[in-house]
Amino acid sequence: MAPLRLLCVHGYRQSGSSFREKTGALRKLLKKHAEFVYVDAPLGVEQASKKEVPDKENDSVAGPGGDEDPRGWWFSDIQARSFSAQQQCEESLGLDESVTAVREAVKTHGPFDGILGFSQGAAFVAMLCSLQEHKLEPEFSFRFAILVAGFRSACKEHEKFYISPVQMPTLHVFGLEDRVIPDNMSRELLPSFQDPQVLIHPGGHFIPAASAHRQSYQDFLKRFQ
């Protein structure tokens with residue numbers, strides 16, 4: 001049985017290479033089931049100020065990963081070119097470039113069976129699922145999505161992505177002790193999907209990959225193998 005191919009979408013202030021390091025435990029857990037391919041967000045991010053809470057804080061149990069090239073999928077503050085999941089905004093900056101980056105990744109490295117996103121990347125994946133659902137991105141043919149610490153964007157410009165529930169099968173993963181994206185924010189995203197599967201873990205802002213979680217991932221993925 002060939003492994004499923006997953007396009008992996010990193011969090012804010014991460015990069016494809018740092019996300020690859022931080023998902024080492026997950027890759028090991030699912031090595032017989034999935035192949036992971038990583039994409040870089042197109043937007044460079046300034047070094048963190050003390051006020052910002054980056055996705056990279058405690059975002060995986062999988063060892064060190066230096067984010068020497070921090071990147072993002074969109075900015076909620078256009079002037080400051082910064083992002084906060086809680087920031088209300090009328091419009092964002094950079095989303096079109098990010099959709100183009102994923103489209104190019106699919107053309108170059110695809111096809112993919114599914115797509116996995118973490119934090120801002122998971123919120124972005126929800127938008128990509130909506131674009132595919134409404135046949136606005138003919139290059140996309142994802143059969144499923146895994147959203148870890150996802151959330152519904154607080155930007156008014158993005159409300160169009162949540163008008164009708166997406167039919168694509170999804171697995172939503174979030175931690176009860178997540179201080180970056182509290183679990184209630186991840187729960188608010190669930191109604192945007194028709195029949196969301198949920199994996200809740202007791203930890204914080206990371207991708208859970210202990211042996212206790214293997215069955216939940218495998219049960220979800222084997223529907224597509």
# chains A, B, ... in the order shown; residues from 1 in each chain; ligands from 1
>>> residues_around(residues="A:Gln194", least_positions_apart="5", cutoff="9 Å", atoms="only C-alpha atoms", output="PyMOL selection string")
chain A and resi 164-170
>>> write_last_selection(atoms="C-alpha atoms", output="PDB file, in the first residue's frame")
ATOM      1  CA  SER A 164     -21.094  27.193   3.724  1.00  0.00           C
ATOM      2  CA  PRO A 165     -19.641  24.044   5.311  1.00  0.00           C
ATOM      3  CA  VAL A 166     -16.858  22.345   3.361  1.00  0.00           C
ATOM      4  CA  GLN A 167     -17.641  18.723   2.437  1.00  0.00           C
ATOM      5  CA  MET A 168     -14.006  17.540   2.400  1.00  0.00           C
ATOM      6  CA  PRO A 169     -13.172  15.105   5.234  1.00  0.00           C
ATOM      7  CA  THR A 170     -11.098  16.794   7.939  1.00  0.00           C
TER       8      THR A 170
END
>>> residues_around(residues="A:Lys32", least_positions_apart="6", cutoff="9 Å", atoms="only C-alpha atoms", output="PyMOL selection string")
chain A and resi 1-3
>>> residues_around(residues="A:Glu91", least_positions_apart="3", cutoff="8 Å", atoms="only C-alpha atoms", output="list of chain:residue names")
A:Ser76, A:Cys155, A:Lys156, A:Glu157, A:His158
>>> residues_around(residues="stretch 211-221 of chain A", least_positions_apart="6", cutoff="9 Å", atoms="only C-alpha atoms", output="compact mmCIF listing (two decimals) with all heavy atoms, in the first residue's frame")
# COMPACT_ATOMS: atom_id res chain seq x y z
N LEU A 4 0.23 7.76 1.64
CA LEU A 4 -0.48 8.96 1.18
C LEU A 4 0.51 10.13 1.14
O LEU A 4 1.38 10.24 2.00
CB LEU A 4 -1.62 9.28 2.14
CG LEU A 4 -2.73 8.22 2.24
CD1 LEU A 4 -3.62 8.51 3.43
CD2 LEU A 4 -3.54 8.17 0.95
N LEU A 26 5.92 13.11 14.34
CA LEU A 26 4.73 12.73 13.56
C LEU A 26 5.12 11.91 12.34
O LEU A 26 4.47 10.91 12.01
CB LEU A 26 3.95 13.98 13.14
CG LEU A 26 2.64 13.71 12.41
CD1 LEU A 26 1.61 13.13 13.37
CD2 LEU A 26 2.10 14.99 11.77
N LEU A 29 5.89 8.50 13.49
CA LEU A 29 4.67 7.82 13.92
C LEU A 29 3.89 7.25 12.73
O LEU A 29 3.30 6.18 12.81
CB LEU A 29 3.79 8.80 14.70
CG LEU A 29 2.60 8.24 15.48
CD1 LEU A 29 3.07 7.53 16.75
CD2 LEU A 29 1.63 9.36 15.83
N LEU A 30 3.91 8.01 11.62
CA LEU A 30 3.07 7.67 10.45
C LEU A 30 3.88 7.27 9.23
O LEU A 30 3.39 7.33 8.11
CB LEU A 30 2.17 8.87 10.11
CG LEU A 30 1.21 9.32 11.21
CD1 LEU A 30 0.47 10.59 10.79
CD2 LEU A 30 0.22 8.21 11.55
N HIS A 33 2.41 5.23 6.59
CA HIS A 33 1.11 5.68 6.09
C HIS A 33 1.18 6.95 5.25
O HIS A 33 0.30 7.18 4.41
CB HIS A 33 0.16 5.94 7.26
CG HIS A 33 -0.07 4.73 8.11
ND1 HIS A 33 -1.06 3.81 7.85
CD2 HIS A 33 0.61 4.26 9.19
CE1 HIS A 33 -1.00 2.83 8.76
NE2 HIS A 33 0.00 3.08 9.58
N ALA A 34 2.18 7.78 5.49
CA ALA A 34 2.17 9.09 4.84
C ALA A 34 3.57 9.56 4.49
O ALA A 34 4.54 9.29 5.21
CB ALA A 34 1.48 10.12 5.74
N PHE A 144 -8.46 15.15 1.58
CA PHE A 144 -8.70 15.34 3.01
C PHE A 144 -7.74 16.40 3.53
O PHE A 144 -6.77 16.77 2.86
CB PHE A 144 -8.50 14.03 3.78
CG PHE A 144 -7.10 13.48 3.72
CD1 PHE A 144 -6.13 13.86 4.64
CD2 PHE A 144 -6.75 12.58 2.73
CE1 PHE A 144 -4.84 13.36 4.58
CE2 PHE A 144 -5.46 12.06 2.66
CZ PHE A 144 -4.51 12.45 3.58
N PRO A 169 -13.45 15.68 3.92
CA PRO A 169 -13.17 15.10 5.23
C PRO A 169 -11.98 15.80 5.91
O PRO A 169 -10.97 16.07 5.27
CB PRO A 169 -12.83 13.63 4.92
CG PRO A 169 -13.43 13.37 3.59
CD PRO A 169 -13.37 14.67 2.85
N THR A 170 -12.15 16.09 7.19
CA THR A 170 -11.10 16.79 7.94
C THR A 170 -10.90 16.18 9.31
O THR A 170 -11.84 15.67 9.92
CB THR A 170 -11.44 18.29 8.12
OG1 THR A 170 -12.78 18.42 8.62
CG2 THR A 170 -11.32 19.07 6.82
N LEU A 171 -9.65 16.25 9.79
CA LEU A 171 -9.30 15.90 11.17
C LEU A 171 -8.78 17.16 11.84
O LEU A 171 -7.82 17.77 11.36
CB LEU A 171 -8.24 14.80 11.19
CG LEU A 171 -7.72 14.40 12.59
CD1 LEU A 171 -8.82 13.78 13.44
CD2 LEU A 171 -6.52 13.45 12.46
N GLN A 197 -13.83 15.38 12.03
CA GLN A 197 -13.33 14.46 13.05
C GLN A 197 -12.44 15.27 13.99
O GLN A 197 -11.77 16.22 13.55
CB GLN A 197 -12.52 13.35 12.40
CG GLN A 197 -13.28 12.57 11.33
CD GLN A 197 -14.47 11.81 11.90
OE1 GLN A 197 -14.30 10.93 12.71
NE2 GLN A 197 -15.67 12.18 11.46
N VAL A 198 -12.39 14.92 15.25
CA VAL A 198 -11.67 15.72 16.24
C VAL A 198 -10.73 14.83 17.06
O VAL A 198 -11.11 13.73 17.48
CB VAL A 198 -12.65 16.46 17.18
CG1 VAL A 198 -11.91 17.21 18.27
CG2 VAL A 198 -13.52 17.43 16.38
N LEU A 199 -9.50 15.31 17.24
CA LEU A 199 -8.54 14.68 18.15
C LEU A 199 -8.11 15.75 19.16
O LEU A 199 -7.46 16.73 18.80
CB LEU A 199 -7.33 14.15 17.38
CG LEU A 199 -6.10 13.73 18.20
CD1 LEU A 199 -6.44 12.68 19.23
CD2 LEU A 199 -4.97 13.26 17.29
N HIS A 201 -6.03 16.71 22.61
CA HIS A 201 -4.96 16.22 23.48
C HIS A 201 -4.82 17.17 24.67
O HIS A 201 -5.27 18.32 24.61
CB HIS A 201 -3.64 16.08 22.69
CG HIS A 201 -3.07 17.36 22.18
ND1 HIS A 201 -2.10 18.07 22.85
CD2 HIS A 201 -3.35 18.09 21.06
CE1 HIS A 201 -1.79 19.16 22.15
NE2 HIS A 201 -2.53 19.20 21.07
>>> residues_around(residues="A:Arg187", least_positions_apart="2", cutoff="12 Å", atoms="only C-alpha atoms", output="NGL selection string")
:A and (147-152 or 172-176 or 181-185 or 189-193 or 196-200)
>>> closest_residue(among="A:Leu43, A:Ala85, A:Leu93, A:Ala145", to="A:Asp69", atoms="only C-alpha atoms")
A:Leu43
>>> closest_residue(among="A:Phe36, A:Phe75, A:Tyr162, A:Phe19", to="A:Phe112", atoms="only C-alpha atoms")
A:Phe36
>>> select_by_dssp(residues="chain A", states="strand (DSSP E)", output="ChimeraX atom specification")
/A:4-9,34-39,43-44,71-72,114-118,144-148,170-175,197-201
>>> write_last_selection(atoms="N, CA, C and O atoms", output="CSV table (one decimal), in the first residue's frame")
chain,number,residue,atom,x,y,z
A,4,LEU,N,0.2,7.8,1.6
A,4,LEU,CA,-0.5,9.0,1.2
A,4,LEU,C,0.5,10.1,1.1
A,4,LEU,O,1.4,10.2,2.0
A,5,ARG,N,0.3,11.0,0.2
A,5,ARG,CA,1.2,12.2,0.1
A,5,ARG,C,0.5,13.4,0.7
A,5,ARG,O,-0.6,13.7,0.3
A,6,LEU,N,1.2,14.0,1.6
A,6,LEU,CA,0.7,15.2,2.4
A,6,LEU,C,1.5,16.4,2.1
A,6,LEU,O,2.7,16.4,2.3
A,7,LEU,N,0.8,17.5,1.7
A,7,LEU,CA,1.4,18.8,1.6
A,7,LEU,C,1.3,19.4,3.0
A,7,LEU,O,0.2,19.5,3.6
A,8,CYS,N,2.5,19.9,3.5
A,8,CYS,CA,2.5,20.4,4.9
A,8,CYS,C,2.7,21.9,4.9
A,8,CYS,O,3.7,22.4,4.3
A,9,VAL,N,1.9,22.6,5.7
A,9,VAL,CA,1.8,24.1,5.7
A,9,VAL,C,2.1,24.5,7.1
A,9,VAL,O,1.3,24.3,8.0
A,34,ALA,N,2.2,7.8,5.5
A,34,ALA,CA,2.2,9.1,4.8
A,34,ALA,C,3.6,9.6,4.5
A,34,ALA,O,4.5,9.3,5.2
A,35,GLU,N,3.7,10.3,3.4
A,35,GLU,CA,4.9,11.0,3.0
A,35,GLU,C,4.6,12.5,3.1
A,35,GLU,O,3.6,13.0,2.6
A,36,PHE,N,5.5,13.2,3.7
A,36,PHE,CA,5.3,14.6,4.0
A,36,PHE,C,6.2,15.5,3.1
A,36,PHE,O,7.4,15.3,3.1
A,37,VAL,N,5.5,16.4,2.5
A,37,VAL,CA,6.2,17.4,1.6
A,37,VAL,C,5.9,18.8,2.1
A,37,VAL,O,4.8,19.1,2.4
A,38,TYR,N,7.0,19.6,2.2
A,38,TYR,CA,6.8,20.9,2.9
A,38,TYR,C,6.9,22.1,2.0
A,38,TYR,O,7.7,22.0,1.0
A,39,VAL,N,6.1,23.1,2.2
A,39,VAL,CA,6.1,24.3,1.4
A,39,VAL,C,6.4,25.5,2.3
A,39,VAL,O,6.1,25.6,3.4
A,43,LEU,N,5.8,35.1,2.4
A,43,LEU,CA,5.9,36.4,3.1
A,43,LEU,C,7.0,36.3,4.2
A,43,LEU,O,6.9,35.5,5.1
A,44,GLY,N,8.1,37.1,4.1
A,44,GLY,CA,9.1,37.2,5.1
A,44,GLY,C,8.6,37.9,6.3
A,44,GLY,O,7.8,38.9,6.1
A,71,ARG,N,8.6,32.9,8.3
A,71,ARG,CA,7.7,33.3,7.2
A,71,ARG,C,6.2,33.2,7.7
A,71,ARG,O,5.9,32.7,8.8
A,72,GLY,N,5.3,33.8,6.9
A,72,GLY,CA,3.9,33.8,7.2
A,72,GLY,C,3.0,33.7,6.0
A,72,GLY,O,3.5,34.0,4.9
A,114,GLY,N,-3.6,14.7,0.5
A,114,GLY,CA,-4.1,15.5,1.5
A,114,GLY,C,-3.2,16.7,1.8
A,114,GLY,O,-2.1,16.8,1.3
A,115,ILE,N,-3.7,17.5,2.8
A,115,ILE,CA,-2.9,18.7,3.2
A,115,ILE,C,-3.0,18.8,4.7
A,115,ILE,O,-4.1,18.6,5.3
A,116,LEU,N,-1.9,19.2,5.3
A,116,LEU,CA,-1.8,19.3,6.7
A,116,LEU,C,-1.3,20.7,7.1
A,116,LEU,O,-0.4,21.2,6.5
A,117,GLY,N,-2.0,21.4,8.0
A,117,GLY,CA,-1.6,22.7,8.4
A,117,GLY,C,-1.5,22.8,9.9
A,117,GLY,O,-2.2,22.2,10.7
A,118,PHE,N,-0.6,23.7,10.4
A,118,PHE,CA,-0.4,24.0,11.8
A,118,PHE,C,-0.6,25.5,12.1
A,118,PHE,O,0.0,26.3,11.5
A,144,PHE,N,-8.5,15.2,1.6
A,144,PHE,CA,-8.7,15.3,3.0
A,144,PHE,C,-7.7,16.4,3.5
A,144,PHE,O,-6.8,16.8,2.9
A,145,ALA,N,-8.0,16.9,4.7
A,145,ALA,CA,-7.2,17.9,5.4
A,145,ALA,C,-7.0,17.6,6.9
A,145,ALA,O,-8.0,17.1,7.5
A,146,ILE,N,-5.8,17.8,7.4
A,146,ILE,CA,-5.6,17.7,8.9
A,146,ILE,C,-5.2,19.1,9.4
A,146,ILE,O,-4.3,19.7,8.9
A,147,LEU,N,-6.0,19.6,10.3
A,147,LEU,CA,-5.8,21.0,10.8
A,147,LEU,C,-5.4,20.9,12.3
A,147,LEU,O,-6.2,20.5,13.1
A,148,VAL,N,-4.2,21.3,12.6
A,148,VAL,CA,-3.7,21.3,14.0
A,148,VAL,C,-3.7,22.7,14.5
A,148,VAL,O,-3.0,23.6,13.9
A,170,THR,N,-12.1,16.1,7.2
A,170,THR,CA,-11.1,16.8,7.9
A,170,THR,C,-10.9,16.2,9.3
A,170,THR,O,-11.8,15.7,9.9
A,171,LEU,N,-9.6,16.3,9.8
A,171,LEU,CA,-9.3,15.9,11.2
A,171,LEU,C,-8.8,17.2,11.8
A,171,LEU,O,-7.8,17.8,11.4
A,172,HIS,N,-9.4,17.6,12.9
A,172,HIS,CA,-9.1,18.8,13.7
A,172,HIS,C,-8.4,18.4,15.0
A,172,HIS,O,-9.0,17.6,15.8
A,173,VAL,N,-7.2,18.8,15.2
A,173,VAL,CA,-6.4,18.4,16.3
A,173,VAL,C,-6.1,19.7,17.2
A,173,VAL,O,-5.6,20.7,16.6
A,174,PHE,N,-6.4,19.7,18.5
A,174,PHE,CA,-6.1,20.8,19.3
A,174,PHE,C,-5.8,20.4,20.7
A,174,PHE,O,-6.3,19.4,21.2
A,175,GLY,N,-5.1,21.3,21.4
A,175,GLY,CA,-4.7,21.0,22.8
A,175,GLY,C,-5.4,21.8,23.8
A,175,GLY,O,-5.6,23.0,23.6
A,197,GLN,N,-13.8,15.4,12.0
A,197,GLN,CA,-13.3,14.5,13.0
A,197,GLN,C,-12.4,15.3,14.0
A,197,GLN,O,-11.8,16.2,13.6
A,198,VAL,N,-12.4,14.9,15.3
A,198,VAL,CA,-11.7,15.7,16.2
A,198,VAL,C,-10.7,14.8,17.1
A,198,VAL,O,-11.1,13.7,17.5
A,199,LEU,N,-9.5,15.3,17.2
A,199,LEU,CA,-8.5,14.7,18.2
A,199,LEU,C,-8.1,15.7,19.2
A,199,LEU,O,-7.5,16.7,18.8
A,200,ILE,N,-8.5,15.6,20.4
A,200,ILE,CA,-8.2,16.5,21.5
A,200,ILE,C,-7.1,15.9,22.3
A,200,ILE,O,-7.2,14.8,22.7
A,201,HIS,N,-6.0,16.7,22.6
A,201,HIS,CA,-5.0,16.2,23.5
A,201,HIS,C,-4.8,17.2,24.7
A,201,HIS,O,-5.3,18.3,24.6
>>> select_by_dssp(residues="stretch 7-216 of chain A", states="alpha helix (DSSP H)", output="number ranges by chain")
A: 16-22, 24-29, 95-109, 120-133, 183-187, 211-216
>>> write_last_selection(atoms="N, CA and C atoms", output="short mmCIF file (atom, residue, chain, number, x, y, z; two decimals), in the first residue's frame")
data_model
loop_
_atom_site.label_atom_id
_atom_site.label_comp_id
_atom_site.auth_asym_id
_atom_site.auth_seq_id
_atom_site.Cartn_x
_atom_site.Cartn_y
_atom_site.Cartn_z
N GLY A 16 9.28 25.95 5.88
CA GLY A 16 9.14 24.54 5.54
C GLY A 16 10.18 23.68 6.22
N SER A 17 11.43 24.15 6.25
CA SER A 17 12.50 23.33 6.83
C SER A 17 12.37 23.21 8.34
N SER A 18 12.02 24.30 9.02
CA SER A 18 11.87 24.20 10.48
C SER A 18 10.65 23.36 10.84
N PHE A 19 9.59 23.44 10.03
CA PHE A 19 8.39 22.65 10.29
C PHE A 19 8.69 21.16 10.07
N ARG A 20 9.55 20.89 9.11
CA ARG A 20 9.95 19.49 8.87
C ARG A 20 10.62 18.92 10.13
N GLU A 21 11.52 19.72 10.72
CA GLU A 21 12.18 19.29 11.96
C GLU A 21 11.17 19.09 13.08
N LYS A 22 10.24 20.02 13.21
CA LYS A 22 9.30 19.99 14.33
C LYS A 22 8.23 18.91 14.17
N GLY A 24 9.09 15.85 13.16
CA GLY A 24 9.85 14.60 13.12
C GLY A 24 9.13 13.45 13.82
N ALA A 25 8.56 13.73 14.98
CA ALA A 25 7.86 12.67 15.74
C ALA A 25 6.63 12.19 14.98
N LEU A 26 5.92 13.11 14.34
CA LEU A 26 4.73 12.73 13.56
C LEU A 26 5.12 11.91 12.34
N ARG A 27 6.18 12.33 11.66
CA ARG A 27 6.65 11.58 10.49
C ARG A 27 7.03 10.15 10.88
N LYS A 28 7.69 10.03 12.01
CA LYS A 28 8.09 8.71 12.49
C LYS A 28 6.86 7.86 12.85
N LEU A 29 5.89 8.50 13.49
CA LEU A 29 4.67 7.82 13.92
C LEU A 29 3.89 7.25 12.73
N LEU A 95 -2.44 37.21 1.25
CA LEU A 95 -3.12 35.92 1.08
C LEU A 95 -3.06 35.43 -0.37
N ASP A 96 -3.23 36.34 -1.33
CA ASP A 96 -3.20 35.92 -2.74
C ASP A 96 -1.85 35.31 -3.12
N GLU A 97 -0.77 35.93 -2.63
CA GLU A 97 0.57 35.39 -2.91
C GLU A 97 0.71 33.99 -2.31
N SER A 98 0.11 33.79 -1.15
CA SER A 98 0.21 32.50 -0.48
C SER A 98 -0.57 31.42 -1.22
N VAL A 99 -1.75 31.76 -1.73
CA VAL A 99 -2.51 30.80 -2.53
C VAL A 99 -1.71 30.44 -3.78
N THR A 100 -1.06 31.43 -4.39
CA THR A 100 -0.22 31.17 -5.56
C THR A 100 0.93 30.23 -5.20
N ALA A 101 1.54 30.43 -4.04
CA ALA A 101 2.66 29.57 -3.61
C ALA A 101 2.22 28.11 -3.47
N VAL A 102 1.03 27.90 -2.92
CA VAL A 102 0.52 26.53 -2.77
C VAL A 102 0.17 25.95 -4.14
N ARG A 103 -0.43 26.78 -5.00
CA ARG A 103 -0.75 26.32 -6.37
C ARG A 103 0.52 25.86 -7.09
N GLU A 104 1.60 26.64 -6.95
CA GLU A 104 2.87 26.27 -7.59
C GLU A 104 3.45 25.00 -6.97
N ALA A 105 3.32 24.85 -5.65
CA ALA A 105 3.81 23.63 -4.98
C ALA A 105 3.06 22.40 -5.48
N VAL A 106 1.76 22.54 -5.69
CA VAL A 106 0.96 21.43 -6.20
C VAL A 106 1.38 21.08 -7.62
N LYS A 107 1.60 22.11 -8.45
CA LYS A 107 2.03 21.86 -9.84
C LYS A 107 3.39 21.18 -9.88
N THR A 108 4.30 21.63 -9.02
CA THR A 108 5.68 21.15 -9.05
C THR A 108 5.86 19.82 -8.35
N HIS A 109 5.23 19.65 -7.19
CA HIS A 109 5.50 18.49 -6.34
C HIS A 109 4.32 17.54 -6.22
N GLN A 120 -1.40 29.14 12.13
CA GLN A 120 -1.80 29.98 11.00
C GLN A 120 -1.89 29.15 9.73
N GLY A 121 -1.00 28.16 9.60
CA GLY A 121 -1.06 27.27 8.45
C GLY A 121 -2.35 26.47 8.39
N ALA A 122 -2.88 26.06 9.55
CA ALA A 122 -4.15 25.33 9.59
C ALA A 122 -5.31 26.24 9.23
N ALA A 123 -5.28 27.48 9.71
CA ALA A 123 -6.31 28.46 9.33
C ALA A 123 -6.28 28.70 7.82
N PHE A 124 -5.07 28.75 7.26
CA PHE A 124 -4.90 28.92 5.81
C PHE A 124 -5.41 27.68 5.06
N VAL A 125 -5.13 26.49 5.58
CA VAL A 125 -5.62 25.26 4.95
C VAL A 125 -7.15 25.27 4.88
N ALA A 126 -7.82 25.75 5.94
CA ALA A 126 -9.29 25.85 5.91
C ALA A 126 -9.76 26.71 4.74
N MET A 127 -9.02 27.79 4.47
CA MET A 127 -9.36 28.66 3.33
C MET A 127 -9.11 27.94 2.01
N LEU A 128 -8.02 27.20 1.92
CA LEU A 128 -7.71 26.45 0.70
C LEU A 128 -8.79 25.39 0.43
N CYS A 129 -9.28 24.75 1.49
CA CYS A 129 -10.36 23.77 1.34
C CYS A 129 -11.61 24.43 0.77
N SER A 130 -11.91 25.63 1.25
CA SER A 130 -13.07 26.37 0.75
C SER A 130 -12.89 26.73 -0.72
N LEU A 131 -11.69 27.17 -1.10
CA LEU A 131 -11.43 27.50 -2.51
C LEU A 131 -11.61 26.27 -3.39
N GLN A 132 -11.12 25.12 -2.93
CA GLN A 132 -11.29 23.89 -3.70
C GLN A 132 -12.77 23.51 -3.79
N GLU A 133 -13.47 23.62 -2.68
CA GLU A 133 -14.89 23.25 -2.61
C GLU A 133 -15.70 24.04 -3.65
N ASP A 183 -8.21 26.42 22.80
CA ASP A 183 -9.01 25.39 22.14
C ASP A 183 -10.38 25.92 21.70
N ASN A 184 -10.91 26.94 22.37
CA ASN A 184 -12.21 27.47 21.93
C ASN A 184 -12.11 28.08 20.53
N MET A 185 -10.94 28.63 20.18
CA MET A 185 -10.76 29.18 18.83
C MET A 185 -10.76 28.06 17.79
N SER A 186 -10.16 26.92 18.14
CA SER A 186 -10.18 25.78 17.22
C SER A 186 -11.59 25.20 17.09
N ARG A 187 -12.33 25.20 18.19
CA ARG A 187 -13.71 24.68 18.15
C ARG A 187 -14.59 25.57 17.25
N SER A 211 2.48 7.70 20.99
CA SER A 211 1.87 6.45 20.53
C SER A 211 0.37 6.42 20.83
N ALA A 212 -0.05 7.14 21.86
CA ALA A 212 -1.48 7.19 22.21
C ALA A 212 -2.32 7.84 21.11
N HIS A 213 -1.68 8.65 20.25
CA HIS A 213 -2.42 9.36 19.20
C HIS A 213 -2.39 8.62 17.87
N ARG A 214 -1.53 7.58 17.78
CA ARG A 214 -1.33 6.91 16.49
C ARG A 214 -2.65 6.41 15.90
N GLN A 215 -3.48 5.79 16.75
CA GLN A 215 -4.71 5.18 16.25
C GLN A 215 -5.65 6.21 15.62
N SER A 216 -5.75 7.38 16.26
CA SER A 216 -6.64 8.42 15.73
C SER A 216 -6.20 8.86 14.35
#
>>> atom_distance(atom1="atom CA of A:Thr23", atom2="atom CA of A:Asp40")
14.8 Å
